[in-house]
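Content type compact mmCIF, C-alpha atoms, from the file entry_28.txt:
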# COMPACT_ATOMS: atom_id res chain seq x y z
CA MET R 1 -111.87 -2.21 -15.85
CA SER R 2 -109.28 -1.81 -18.56
CA THR R 3 -105.75 -3.03 -18.01
CA ALA R 4 -104.59 -0.30 -20.36
CA THR R 5 -105.44 2.41 -17.83
CA HIS R 6 -105.07 0.50 -14.55
CA PRO R 7 -101.92 -1.22 -13.40
CA VAL R 8 -102.29 -4.91 -12.62
CA GLU R 9 -103.28 -5.47 -9.00
CA PRO R 10 -100.21 -6.95 -7.29
CA PHE R 11 -102.23 -8.62 -4.52
CA VAL R 12 -103.14 -12.22 -5.40
CA HIS R 13 -105.83 -14.04 -3.41
CA PRO R 14 -106.75 -17.48 -4.75
CA ALA R 15 -109.08 -20.01 -3.10
CA LEU R 16 -107.67 -23.54 -3.30
CA PHE R 17 -110.44 -26.16 -3.31
CA TYR R 18 -109.38 -29.62 -2.15
CA ALA R 19 -111.31 -32.84 -1.69
CA ASP R 20 -108.65 -34.96 0.01
CA ILE R 21 -105.21 -34.89 1.60
CA ASP R 22 -103.38 -35.53 -1.67
CA GLN R 23 -105.03 -32.52 -3.30
CA TYR R 24 -104.38 -30.44 -0.18
CA LEU R 25 -100.67 -31.22 -0.17
CA ALA R 26 -100.32 -30.90 -3.93
CA GLY R 27 -101.74 -27.37 -3.81
CA THR R 28 -100.12 -26.09 -0.63
CA VAL R 29 -96.67 -27.68 -0.77
CA SER R 30 -96.05 -26.60 -4.38
CA PHE R 31 -97.09 -23.06 -3.41
CA ILE R 32 -94.65 -23.07 -0.49
CA ARG R 33 -91.79 -24.59 -2.50
CA ALA R 34 -92.23 -22.07 -5.31
CA GLY R 35 -91.95 -19.27 -2.75
CA LEU R 36 -88.89 -20.76 -1.08
CA ALA R 37 -87.22 -21.27 -4.46
CA ALA R 38 -87.76 -17.58 -5.25
CA GLY R 39 -86.36 -16.54 -1.86
CA GLU R 40 -89.76 -15.23 -0.73
CA PRO R 41 -90.84 -15.19 2.92
CA VAL R 42 -93.55 -17.81 3.52
CA ALA R 43 -96.04 -18.25 6.36
CA VAL R 44 -98.60 -21.03 6.82
CA ALA R 45 -101.59 -20.43 9.11
CA VAL R 46 -103.94 -23.43 8.89
CA PRO R 47 -105.72 -25.69 11.44
CA GLY R 48 -103.29 -27.78 13.50
CA GLU R 49 -103.97 -31.15 11.85
CA ASN R 50 -103.35 -29.65 8.40
CA LEU R 51 -100.29 -27.83 9.69
CA ALA R 52 -98.80 -31.20 10.70
CA LEU R 53 -99.46 -32.62 7.21
CA ILE R 54 -97.67 -29.73 5.54
CA GLN R 55 -94.76 -29.83 8.00
CA ASP R 56 -94.30 -33.56 7.40
CA ALA R 57 -94.36 -33.10 3.63
CA LEU R 58 -91.83 -30.25 3.72
CA GLY R 59 -89.41 -31.85 6.14
CA ALA R 60 -86.28 -29.74 6.65
CA ASP R 61 -87.37 -27.40 3.83
CA GLY R 62 -89.94 -26.04 6.26
CA ASP R 63 -87.28 -24.62 8.58
CA SER R 64 -87.56 -21.12 7.13
CA VAL R 65 -91.38 -21.16 6.99
CA ARG R 66 -93.42 -19.48 9.74
CA PHE R 67 -96.09 -21.95 10.95
CA LEU R 68 -99.16 -20.93 12.95
CA ASP R 69 -102.14 -22.97 14.12
CA MET R 70 -105.10 -21.02 12.76
CA ARG R 71 -107.40 -22.55 15.42
CA ASP R 72 -105.49 -20.46 17.96
CA ALA R 73 -104.13 -17.47 16.03
CA GLY R 74 -107.29 -17.05 13.99
CA ARG R 75 -109.98 -18.30 16.32
CA ASN R 76 -111.46 -14.80 16.07
CA PRO R 77 -111.66 -14.11 12.32
CA GLY R 78 -111.42 -10.38 13.05
CA ARG R 79 -107.96 -10.96 14.47
CA ILE R 80 -106.51 -12.66 11.38
CA ILE R 81 -105.74 -9.61 9.21
CA PRO R 82 -103.98 -7.55 11.90
CA GLY R 83 -102.67 -10.38 14.10
CA VAL R 84 -101.62 -13.00 11.54
CA LEU R 85 -101.49 -11.77 7.92
CA ARG R 86 -100.36 -8.16 8.29
CA ALA R 87 -98.26 -9.09 11.33
CA PHE R 88 -96.21 -11.39 9.07
CA ALA R 89 -96.28 -9.36 5.82
CA ASP R 90 -95.35 -6.06 7.52
CA GLN R 91 -92.25 -7.63 9.12
CA GLN R 92 -90.72 -8.53 5.78
CA ALA R 93 -88.24 -6.39 3.88
CA PRO R 94 -89.92 -4.48 1.03
CA GLY R 95 -89.32 -5.45 -2.58
CA ARG R 96 -90.00 -9.14 -2.29
CA ARG R 97 -93.36 -10.87 -2.65
CA VAL R 98 -94.73 -12.37 0.57
CA ARG R 99 -96.54 -15.71 0.42
CA ILE R 100 -99.07 -16.82 3.01
CA ILE R 101 -101.40 -19.82 3.23
CA GLY R 102 -104.38 -18.84 5.33
CA GLU R 103 -107.14 -21.37 6.09
CA PRO R 104 -109.65 -19.50 8.26
CA ILE R 105 -112.68 -21.70 7.51
CA TRP R 106 -112.87 -25.32 8.58
CA ALA R 107 -115.75 -27.72 9.08
CA GLY R 108 -116.08 -27.08 12.82
CA ARG R 109 -116.71 -23.33 12.52
CA SER R 110 -119.93 -22.55 14.41
CA PRO R 111 -122.96 -20.71 12.99
CA ASP R 112 -122.00 -17.75 15.22
CA GLU R 113 -118.47 -17.72 13.79
CA TYR R 114 -119.20 -18.25 10.11
CA PRO R 115 -120.55 -14.77 9.17
CA ALA R 116 -117.39 -13.23 10.67
CA CYS R 117 -115.28 -15.73 8.69
CA ALA R 118 -116.94 -14.82 5.38
CA GLN R 119 -116.57 -11.09 6.06
CA HIS R 120 -112.93 -11.63 6.95
CA GLU R 121 -112.23 -13.42 3.66
CA ALA R 122 -113.96 -10.59 1.76
CA LEU R 123 -112.06 -7.85 3.63
CA ILE R 124 -108.64 -9.37 2.94
CA ASN R 125 -108.99 -7.98 -0.60
CA ALA R 126 -109.31 -4.38 0.59
CA ALA R 127 -106.75 -4.82 3.35
CA PHE R 128 -104.01 -5.98 0.95
CA GLN R 129 -104.87 -3.95 -2.13
CA GLY R 130 -101.69 -2.77 -3.81
CA ARG R 131 -99.40 -5.07 -1.81
CA GLU R 132 -96.91 -7.57 -3.26
CA VAL R 133 -98.55 -10.39 -1.34
CA THR R 134 -100.15 -13.72 -2.28
CA ILE R 135 -102.60 -15.30 0.18
CA LEU R 136 -103.75 -18.81 -0.75
CA CYS R 137 -106.90 -19.95 1.10
CA PRO R 138 -107.62 -23.71 1.13
CA TYR R 139 -111.27 -24.89 1.29
CA ASP R 140 -112.18 -28.50 2.11
CA THR R 141 -114.87 -29.37 -0.46
CA SER R 142 -115.55 -32.75 1.18
CA ARG R 143 -116.61 -31.24 4.51
CA LEU R 144 -117.71 -27.62 3.96
CA ASP R 145 -121.27 -26.97 2.86
CA GLU R 146 -122.37 -25.56 -0.49
CA ARG R 147 -123.04 -22.08 0.84
CA VAL R 148 -119.48 -21.80 2.19
CA LEU R 149 -117.99 -22.90 -1.13
CA ALA R 150 -120.24 -20.48 -3.02
CA ASP R 151 -119.12 -17.65 -0.71
CA ALA R 152 -115.47 -18.55 -1.41
CA HIS R 153 -116.14 -17.82 -5.10
CA ALA R 154 -117.42 -14.38 -4.07
CA THR R 155 -114.53 -13.55 -1.72
CA HIS R 156 -111.68 -14.69 -4.02
CA PRO R 157 -110.94 -13.09 -7.41
CA VAL R 158 -109.46 -16.38 -8.61
CA VAL R 159 -110.11 -20.01 -7.62
CA ILE R 160 -108.23 -23.28 -8.12
CA PRO R 161 -110.80 -26.07 -8.64
CA ALA R 162 -110.30 -29.31 -6.70
CA GLY R 163 -107.71 -31.52 -8.33
CA SER R 164 -106.56 -28.78 -10.67
CA ALA R 165 -103.32 -26.80 -10.64
CA ALA R 166 -104.62 -23.90 -12.70
CA GLU R 167 -106.23 -20.71 -11.41
CA VAL R 168 -109.47 -19.61 -13.01
CA VAL R 169 -111.07 -16.19 -12.67
CA SER R 170 -114.11 -16.28 -10.39
CA ALA R 171 -117.12 -14.85 -12.18
CA ALA R 172 -118.92 -14.57 -8.83
CA TYR R 173 -116.28 -12.32 -7.23
CA ASP R 174 -118.13 -9.72 -5.12
CA PRO R 175 -116.39 -9.04 -1.80
CA ASP R 176 -118.48 -5.95 -0.94
CA GLY R 177 -121.61 -8.01 -1.46
CA VAL R 178 -120.36 -10.60 1.04
CA VAL R 179 -119.51 -7.93 3.63
CA ASP R 180 -123.06 -6.57 3.27
CA ARG R 181 -124.78 -9.95 3.17
CA TYR R 182 -123.18 -11.06 6.44
CA ASN R 183 -123.79 -7.73 8.16
CA LEU R 184 -126.61 -9.53 9.94
CA PRO R 185 -128.75 -8.40 12.87
CA LEU R 186 -127.65 -10.33 15.94
CA PRO R 187 -130.25 -12.31 17.86
CA PRO R 188 -131.37 -10.18 20.81
CA ALA R 189 -129.38 -10.48 24.01
CA PRO R 190 -131.38 -12.07 26.83
CA GLY R 191 -133.44 -9.37 28.49
CA ALA R 192 -133.41 -10.49 32.09
CA GLY R 193 -132.32 -13.18 34.47
CA PRO R 194 -129.80 -13.74 37.23
CA GLU R 195 -127.06 -14.48 34.71
CA VAL R 196 -127.66 -11.31 32.68
CA PHE R 197 -126.20 -7.91 33.47
CA GLY R 198 -127.57 -5.08 31.38
CA THR R 199 -127.32 -1.34 31.70
CA ALA R 200 -127.40 1.90 29.81
CA PHE R 201 -124.30 4.08 29.97
CA ALA R 202 -122.91 7.49 29.10
CA GLU R 203 -119.61 9.23 29.72
CA ASP R 204 -120.14 9.75 33.44
CA SER R 205 -120.87 6.06 34.02
CA LEU R 206 -118.00 4.53 31.99
CA SER R 207 -116.02 3.66 35.11
CA ALA R 208 -118.94 2.17 37.05
CA VAL R 209 -120.19 0.19 34.06
CA ARG R 210 -116.76 -1.31 33.44
CA ARG R 211 -116.50 -2.39 37.07
CA LEU R 212 -120.04 -3.80 37.19
CA ALA R 213 -119.46 -5.71 33.95
CA THR R 214 -116.19 -7.12 35.28
CA ASP R 215 -117.80 -8.13 38.58
CA HIS R 216 -120.47 -9.92 36.58
CA GLY R 217 -117.85 -11.64 34.42
CA ALA R 218 -116.22 -12.95 37.59
CA ARG R 219 -119.57 -14.32 38.77
CA LEU R 220 -119.89 -16.08 35.40
CA GLY R 221 -116.54 -17.78 35.89
CA LEU R 222 -113.96 -15.55 34.17
CA THR R 223 -110.67 -15.27 36.04
CA GLY R 224 -107.19 -13.81 35.56
CA THR R 225 -106.32 -12.58 32.09
CA ALA R 226 -109.78 -13.40 30.68
CA LEU R 227 -111.38 -11.19 33.32
CA GLU R 228 -108.86 -8.43 32.61
CA ASN R 229 -109.73 -8.79 28.91
CA LEU R 230 -113.42 -8.32 29.71
CA ALA R 231 -112.58 -5.07 31.52
CA LEU R 232 -110.51 -3.83 28.55
CA ILE R 233 -113.13 -4.84 25.98
CA THR R 234 -115.94 -3.25 27.97
CA ALA R 235 -113.93 -0.04 28.34
CA GLU R 236 -113.10 0.22 24.64
CA LEU R 237 -116.59 -0.60 23.36
CA THR R 238 -118.36 1.72 25.77
CA THR R 239 -115.84 4.53 25.19
CA ASN R 240 -116.29 4.15 21.42
CA SER R 241 -120.04 4.60 21.87
CA VAL R 242 -119.51 7.75 23.91
CA VAL R 243 -117.00 9.23 21.44
CA HIS R 244 -118.34 7.99 18.08
CA GLY R 245 -121.73 6.39 18.71
CA GLY R 246 -123.93 9.23 19.84
CA GLY R 247 -122.59 9.66 23.38
CA ALA R 248 -124.39 6.74 25.00
CA GLY R 249 -125.37 3.12 24.58
CA THR R 250 -126.42 -0.07 26.29
CA LEU R 251 -124.19 -2.87 27.56
CA THR R 252 -125.19 -6.49 28.19
CA VAL R 253 -123.02 -9.26 29.62
CA TRP R 254 -124.30 -12.84 29.74
CA PRO R 255 -123.15 -16.46 29.42
CA GLN R 256 -123.76 -18.51 26.28
CA ASP R 257 -122.39 -22.00 25.72
CA GLY R 258 -118.77 -21.89 26.91
CA TYR R 259 -118.45 -18.12 26.51
CA VAL R 260 -119.13 -14.89 28.30
CA LEU R 261 -120.63 -12.43 25.82
CA CYS R 262 -120.20 -8.69 26.11
CA GLU R 263 -122.40 -6.62 23.80
CA VAL R 264 -122.57 -2.88 23.28
CA ARG R 265 -125.29 -1.21 21.23
CA ASP R 266 -125.34 2.47 20.26
CA LYS R 267 -126.82 4.84 17.70
CA GLY R 268 -123.66 5.29 15.66
CA ARG R 269 -122.82 3.74 12.32
CA LEU R 270 -119.53 1.98 11.67
CA ALA R 271 -118.65 3.33 8.22
CA ASP R 272 -115.27 1.60 7.79
CA PRO R 273 -115.57 -2.20 7.50
CA LEU R 274 -111.81 -2.49 8.13
CA ALA R 275 -112.05 -0.68 11.48
CA GLY R 276 -110.23 -2.78 14.07
CA ARG R 277 -108.57 -4.95 11.40
CA ARG R 278 -105.75 -2.65 10.29
CA PRO R 279 -102.63 -2.24 12.36
CA PRO R 280 -102.71 1.57 12.61
CA ALA R 281 -99.89 3.58 11.07
CA ARG R 282 -97.11 4.22 13.55
CA GLU R 283 -97.90 7.90 13.86
CA GLN R 284 -101.67 7.44 14.03
CA ARG R 285 -103.08 8.71 17.28
CA GLY R 286 -106.33 6.87 17.95
CA GLY R 287 -108.21 4.01 16.36
CA ARG R 288 -106.68 1.14 18.31
CA GLY R 289 -109.63 0.39 20.58
CA LEU R 290 -111.47 -1.95 18.20
CA LEU R 291 -108.16 -3.51 17.20
CA LEU R 292 -107.57 -4.44 20.84
CA VAL R 293 -111.10 -5.89 21.05
CA ASN R 294 -110.31 -8.05 18.00
CA LEU R 295 -106.95 -9.16 19.37
CA LEU R 296 -108.36 -10.17 22.78
CA SER R 297 -111.71 -11.74 21.85
CA ASP R 298 -112.39 -15.33 20.81
CA LEU R 299 -115.01 -14.00 18.40
CA VAL R 300 -116.32 -10.54 17.49
CA ARG R 301 -119.61 -10.08 15.64
CA VAL R 302 -120.68 -6.69 14.34
CA HIS R 303 -123.96 -5.44 12.92
CA THR R 304 -124.13 -1.85 11.72
CA GLY R 305 -126.74 0.14 9.84
CA PRO R 306 -128.83 3.30 9.92
CA GLU R 307 -130.42 2.18 13.20
CA GLY R 308 -127.09 1.94 14.99
CA THR R 309 -124.26 -0.47 15.70
CA THR R 310 -124.05 -3.64 17.79
CA ILE R 311 -120.69 -5.19 18.64
CA ARG R 312 -120.63 -8.52 20.45
CA SER R 313 -117.41 -9.94 21.89
CA TYR R 314 -117.12 -13.60 22.95
CA LEU R 315 -114.66 -14.58 25.67
CA GLY R 316 -114.01 -18.25 26.43
CA ARG R 317 -114.60 -19.30 30.04
CA MET T 1 -122.82 -4.31 45.09
CA SER T 2 -126.52 -4.79 44.51
CA ALA T 3 -127.80 -7.58 42.32
CA PRO T 4 -127.90 -6.62 38.64
CA GLU T 5 -131.25 -5.34 37.50
CA PRO T 6 -132.96 -6.78 34.46
CA ALA T 7 -131.54 -5.32 31.27
CA ARG T 8 -135.03 -4.65 29.95
CA LEU T 9 -135.69 -2.12 32.69
CA LEU T 10 -132.25 -0.56 32.45
CA ARG T 11 -132.54 -0.13 28.69
CA ALA T 12 -134.92 2.72 29.46
CA ALA T 13 -131.74 4.83 29.79
CA VAL T 14 -131.13 4.29 33.49
CA VAL T 15 -127.46 4.83 34.19
CA PRO T 16 -125.78 3.60 37.38
CA LYS T 17 -125.13 6.43 39.78
CA GLN T 18 -121.67 6.72 41.25
CA ALA T 19 -118.95 9.13 42.17
CA ALA T 20 -117.11 10.68 39.23
CA PRO T 21 -113.95 8.75 38.28
CA ARG T 22 -110.82 10.47 39.48
CA LEU T 23 -107.21 10.74 38.54
CA ASP T 24 -104.88 12.63 40.82
CA VAL T 25 -101.27 13.31 39.99
CA TYR T 26 -98.59 14.17 42.58
CA PRO T 27 -94.91 14.98 42.00
CA LEU T 28 -92.50 12.43 43.48
CA THR T 29 -90.01 13.53 46.09
CA GLY T 30 -86.38 12.47 45.73
CA ARG T 31 -86.58 11.49 42.06
CA SER T 32 -88.14 12.99 38.95
CA GLY T 33 -91.55 11.73 38.18
CA PHE T 34 -95.13 11.63 39.31
CA ARG T 35 -97.40 9.32 41.23
CA ALA T 36 -100.84 8.84 39.76
CA VAL T 37 -103.87 7.67 41.74
CA GLY T 38 -107.14 6.63 40.15
CA GLU T 39 -108.00 5.49 36.63
CA VAL T 40 -107.09 6.67 33.16
CA ILE T 41 -110.28 6.65 31.07
CA LEU T 42 -112.15 9.14 28.90
CA PRO T 43 -113.32 11.44 31.74
CA THR T 44 -109.79 11.65 33.23
CA ARG T 45 -107.83 11.64 29.96
CA ASP T 46 -107.09 15.39 30.04
CA THR T 47 -105.45 15.13 33.46
CA TRP T 48 -103.28 12.22 32.27
CA GLU T 49 -102.27 13.94 29.04
CA ARG T 50 -101.41 17.19 30.85
CA ALA T 51 -99.13 15.29 33.25
CA LEU T 52 -97.42 13.58 30.30
CA GLU T 53 -97.02 16.84 28.37
CA ARG T 54 -95.16 18.21 31.39
CA VAL T 55 -92.72 15.28 31.15
CA VAL T 56 -91.87 16.25 27.56
CA ARG T 57 -91.67 20.00 28.37
CA GLU T 58 -89.38 19.48 31.34
CA ALA T 59 -87.14 17.14 29.33
CA GLU T 60 -86.23 20.11 27.17
CA ASP T 61 -84.60 21.76 30.20
CA VAL T 62 -82.39 18.83 31.20
CA GLY T 63 -79.20 17.81 29.49
CA GLY T 64 -78.03 14.24 28.98
CA GLU T 65 -80.02 11.10 29.63
CA ASP T 66 -82.51 11.35 32.38
CA VAL T 67 -84.98 8.96 33.93
CA TYR T 68 -88.56 9.88 34.74
CA TYR T 69 -90.60 7.64 37.02
CA LEU T 70 -94.33 7.11 36.70
CA GLU T 71 -95.44 5.52 39.95
CA LEU T 72 -98.64 3.74 38.94
CA SER T 73 -99.29 1.27 41.77
CA ALA T 74 -102.50 3.11 42.70
CA VAL T 75 -103.76 3.30 39.11
CA THR T 76 -106.54 0.75 38.79
CA PHE T 77 -107.13 0.94 35.02
CA VAL T 78 -105.66 2.48 31.87
CA ASP T 79 -107.61 2.36 28.60
CA VAL T 80 -106.13 2.16 25.09
CA ALA T 81 -106.17 5.94 24.58
CA GLY T 82 -104.32 6.36 27.89
CA ALA T 83 -101.72 3.80 26.81
CA GLY T 84 -101.50 5.63 23.48
CA ALA T 85 -100.74 8.94 25.22
CA LEU T 86 -97.91 7.17 27.03
CA ALA T 87 -96.58 5.71 23.75
CA ASP T 88 -96.73 9.15 22.13
CA THR T 89 -94.84 10.62 25.07
CA ALA T 90 -92.08 8.03 24.74
CA LYS T 91 -91.84 8.79 21.02
CA SER T 92 -91.67 12.55 21.45
CA LEU T 93 -88.93 12.23 24.08
CA GLU T 94 -86.77 10.65 21.36
CA GLY T 95 -84.46 9.07 23.89
CA ARG T 96 -83.78 12.32 25.78
CA ARG T 97 -85.53 10.83 28.74
CA ARG T 98 -86.37 7.25 29.67
CA LEU T 99 -89.79 6.58 31.15
CA VAL T 100 -89.90 3.98 33.91
CA LEU T 101 -93.36 2.68 34.78
CA ASP T 102 -93.26 1.69 38.43
CA ARG T 103 -95.79 -1.07 39.22
CA PRO T 104 -98.28 -0.32 36.42
CA PRO T 105 -101.53 -2.32 36.17
CA ASP T 106 -100.77 -5.64 34.37
CA SER T 107 -103.12 -4.76 31.55
CA LEU T 108 -101.12 -1.61 30.67
CA SER T 109 -97.94 -3.55 29.85
CA ARG T 110 -100.05 -5.99 27.83
CA ILE T 111 -101.76 -3.21 25.82
CA LEU T 112 -98.43 -1.55 25.05
CA GLY T 113 -96.95 -4.87 23.91
CA LEU T 114 -99.94 -5.71 21.69
CA LEU T 115 -100.60 -2.32 20.14
CA TRP T 116 -97.17 -0.66 20.18
CA PRO T 117 -94.78 -3.56 19.63
CA GLY T 118 -91.14 -2.52 19.55
CA LEU T 119 -91.80 0.77 21.32
CA SER T 120 -88.60 1.99 22.93
CA GLY T 121 -88.09 4.47 25.72
CA ILE T 122 -90.49 2.82 28.21
CA GLU T 123 -89.40 0.34 30.84
CA VAL T 124 -91.46 -1.44 33.44
CA SER T 125 -90.24 -1.77 37.01
CA ALA T 126 -91.99 -4.11 39.39
CA SER T 127 -90.25 -2.92 42.55

Serialized structure, structure tokens:
Amino acid sequence: MSTATHPVEPFVHPALFYADIDQYLAGTVSFIRAGLAAGEPVAVAVPGENLALIQDALGADGDSVRFLDMRDAGRNPGRIIPGVLRAFADQQAPGRRVRIIGEPIWAGRSPDEYPACAQHEALINAAFQGREVTILCPYDTSRLDERVLADAHATHPVVIPAGSAAEVVSAAYDPDGVVDRYNLPLPPAPGAGPEVFGTAFAEDSLSAVRRLATDHGARLGLTGTALENLALITAELTTNSVVHGGGAGTLTVWPQDGYVLCEVRDKGRLADPLAGRRPPAREQRGGRGLLLVNLLSDLVRVHTGPEGTTIRSYLGR
Amino acid sequence: MSAPEPARLLRAAVVPKQAAPRLDVYPLTGRSGFRAVGEVILPTRDTWERALERVVREAEDVGGEDVYYLELSAVTFVDVAGAGALADTAKSLEGRRRLVLDRPPDSLSRILGLLWPGLSGIEVSAS
């Protein structure tokens, strides 16, 4: 791409590699202070223990910074773009660069979560293209494995090596490749058993299926808002299959570790990788169903291809 | 309810049999508005949207600020598209009429707050 014919991309998305607390604070606090000095709005969404480090280092200077614990706000990686990053950036007055530190990947991320984390980091680039926004993503090189650090080079156009203050262009940058690579088939849902509820559905059974799924969620220990969320998630996923996924599908609800999983499979193909991650335009009519699923779930995994689409929502018990 | 059948068997395209979902809409007496009974999901969406279109149409005949009550205590579920139709209605009324949701399902207020933050023209009444 020639800079003579294309304007410089205003969105800046560096990965900050750090090996210890000193490097973490050197990279993050200078980034925050530079933003504050320029009068730019700044948000910090990192795991709670790192949040405390940054808050201590900033002292009273942190009063105008928005702080969020990423373990809560970004537990579901699919929620981070609409619920954390865009939620903050879109609130700011236009004409001023917005600075955000987003640390979505930490050492305790589970194997189920990680593919969604990598896809999220890749999709940030498309979601913020053309925006006057900088999102700095710290990566703990002492605790994250090699594959995660290699992926960070593919999801970030520039990287800041551990102990360095200078950005270098990432030769491995390939966000579309990461989205594809982690578009992985999900292990099959359990086929049978007293703790498994599975059914086919079509338009005329949407109501019954939602109620049966919710009854099953209650048997598995969901109560209150979590049970209500299961009803909403079931309704949106099954309705999407009826409207966009060939008119029918199959639903399975079962327990796994501390979660209740709700999975819908259909014959459709999800063409837009940002579906459910964009806050829809104010006048836009539909398209909020998957967004709600992302906002309510503790994790959402998606696999889509010519054979069809599987969406799996995890709800904590 | 019967015990759930194994998913493997049901995957052969067996769909639970049940009565068709319903949504019935009745005009309120003594105040402007309607009472809805049933659930707002894909198969009942047309009924819901027709009732809401009437709210906008009738608002053109009234002068000054006016309140319209949606009595929803017998509505068991509203999906995102149903909430969206409500949000669109509030927007197209442009303040000519306030919508008061009387005892809506909890999840409806939550959906509106999450997906249409800052939406004006809709109030929730718990009485």

Open item on the list: (-117.0, -19.1, 1.2) in this file's frame - what residues fall within 10 Å of it? Use all atoms listed in the file and give the answer as a PyMOL selection string.
Closed with: chain R and resi 15+105+114-115+117-119+121-122+139+144-156+178

Open item on the list: Please identify all residues of chain R having at least one atom at most 8 Å from any atom of chain T, considering only C-alpha atoms, and return them as a ChimeraX atom specification.
Closed with: /R:191-194,196-205,207-209,228,232,235-236,239,250,252,285-286,288-289,292

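Closest approach to Asn240 in chain R from the set R:Asp257, R:Asp215, R:Asp266, R:Glu9 is made by R:Asp266, with distances taken over all atoms listed in the file.
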
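Proximity to Ala43 in chain R at 8 Å, evaluated using only C-alpha atoms and with sequence-adjacent residues fewer than 3 positions away removed, yields Val65, Arg66, Phe67, Leu68, Phe88, Arg99, Ile100 and Ile101 of chain R.
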
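Residues surrounding Leu227 in chain R within 7 Å are Thr214, Gly217, Ala218, Leu222, Thr223, Gly224, Leu230 and Ala231 of chain R [only C-alpha atoms; sequence separation below 3 positions excluded].
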
Open item on the list: Just want the 9 Å neighbourhood of range 118-127 of chain T, counted on all atoms listed in the file, with same-chain residues fewer than 2 positions away dropped. Output as a VMD selection string.
Closed with: chain T and resid 86 to 87 90 to 91 93 to 104 109 112 to 113 116

- [ ] State, in Å with one decimal place, the distance from CA of Ser170 in chain R to CA of His120 in chain R.
- [x] 18.0 Å

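The two atoms in question, CA of Ala226 in chain R and CA of Val253 in chain R, are spaced 13.9 Å apart.
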
Open item on the list: So the first atom is CA of Leu186 in chain R and the second is CA of Tyr314 in chain R; what is the distance between them in Å, to one decimal place?
Closed with: 13.1 Å

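For the residues T:Arg57, T:Ala83, T:Pro27, T:Ser92, ranking by smallest atom-to-atom distance to Arg110 in chain T using all atoms listed in the file places T:Ala83 first.
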
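All protein, DNA and RNA residues at most 6 Å from (-93.2, 11.5, 39.9) are Pro27, Leu28, Ser32, Gly33, Phe34, Arg35, Tyr69 and Leu70 of chain T, using only C-alpha atoms.
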
Task: Test item: residues at most 7 Å from range 295-301 of chain R, only C-alpha atoms, excluding those fewer than 3 positions along its chain, as a ChimeraX atom specification - done: /R:75-79,83,113,116,229,291-292,311-316

Could those selected residues go to a file with C-alpha atoms, as a PDB file, keeping the file's coordinate frame?
ATOM      1  CA  ARG R  75    -109.980 -18.300  16.320  1.00  0.00           C
ATOM      2  CA  ASN R  76    -111.460 -14.800  16.070  1.00  0.00           C
ATOM      3  CA  PRO R  77    -111.660 -14.110  12.320  1.00  0.00           C
ATOM      4  CA  GLY R  78    -111.420 -10.380  13.050  1.00  0.00           C
ATOM      5  CA  ARG R  79    -107.960 -10.960  14.470  1.00  0.00           C
ATOM      6  CA  GLY R  83    -102.670 -10.380  14.100  1.00  0.00           C
ATOM      7  CA  GLU R 113    -118.470 -17.720  13.790  1.00  0.00           C
ATOM      8  CA  ALA R 116    -117.390 -13.230  10.670  1.00  0.00           C
ATOM      9  CA  ASN R 229    -109.730  -8.790  28.910  1.00  0.00           C
ATOM     10  CA  LEU R 291    -108.160  -3.510  17.200  1.00  0.00           C
ATOM     11  CA  LEU R 292    -107.570  -4.440  20.840  1.00  0.00           C
ATOM     12  CA  ILE R 311    -120.690  -5.190  18.640  1.00  0.00           C
ATOM     13  CA  ARG R 312    -120.630  -8.520  20.450  1.00  0.00           C
ATOM     14  CA  SER R 313    -117.410  -9.940  21.890  1.00  0.00           C
ATOM     15  CA  TYR R 314    -117.120 -13.600  22.950  1.00  0.00           C
ATOM     16  CA  LEU R 315    -114.660 -14.580  25.670  1.00  0.00           C
ATOM     17  CA  GLY R 316    -114.010 -18.250  26.430  1.00  0.00           C
TER      18      GLY R 316
END

- [ ] Rank nothing, just name the residue among R:Val8, R:Ile21, R:Leu51, R:Ala37 nearest to Glu132 in chain R, using only C-alpha atoms.
- [x] R:Val8
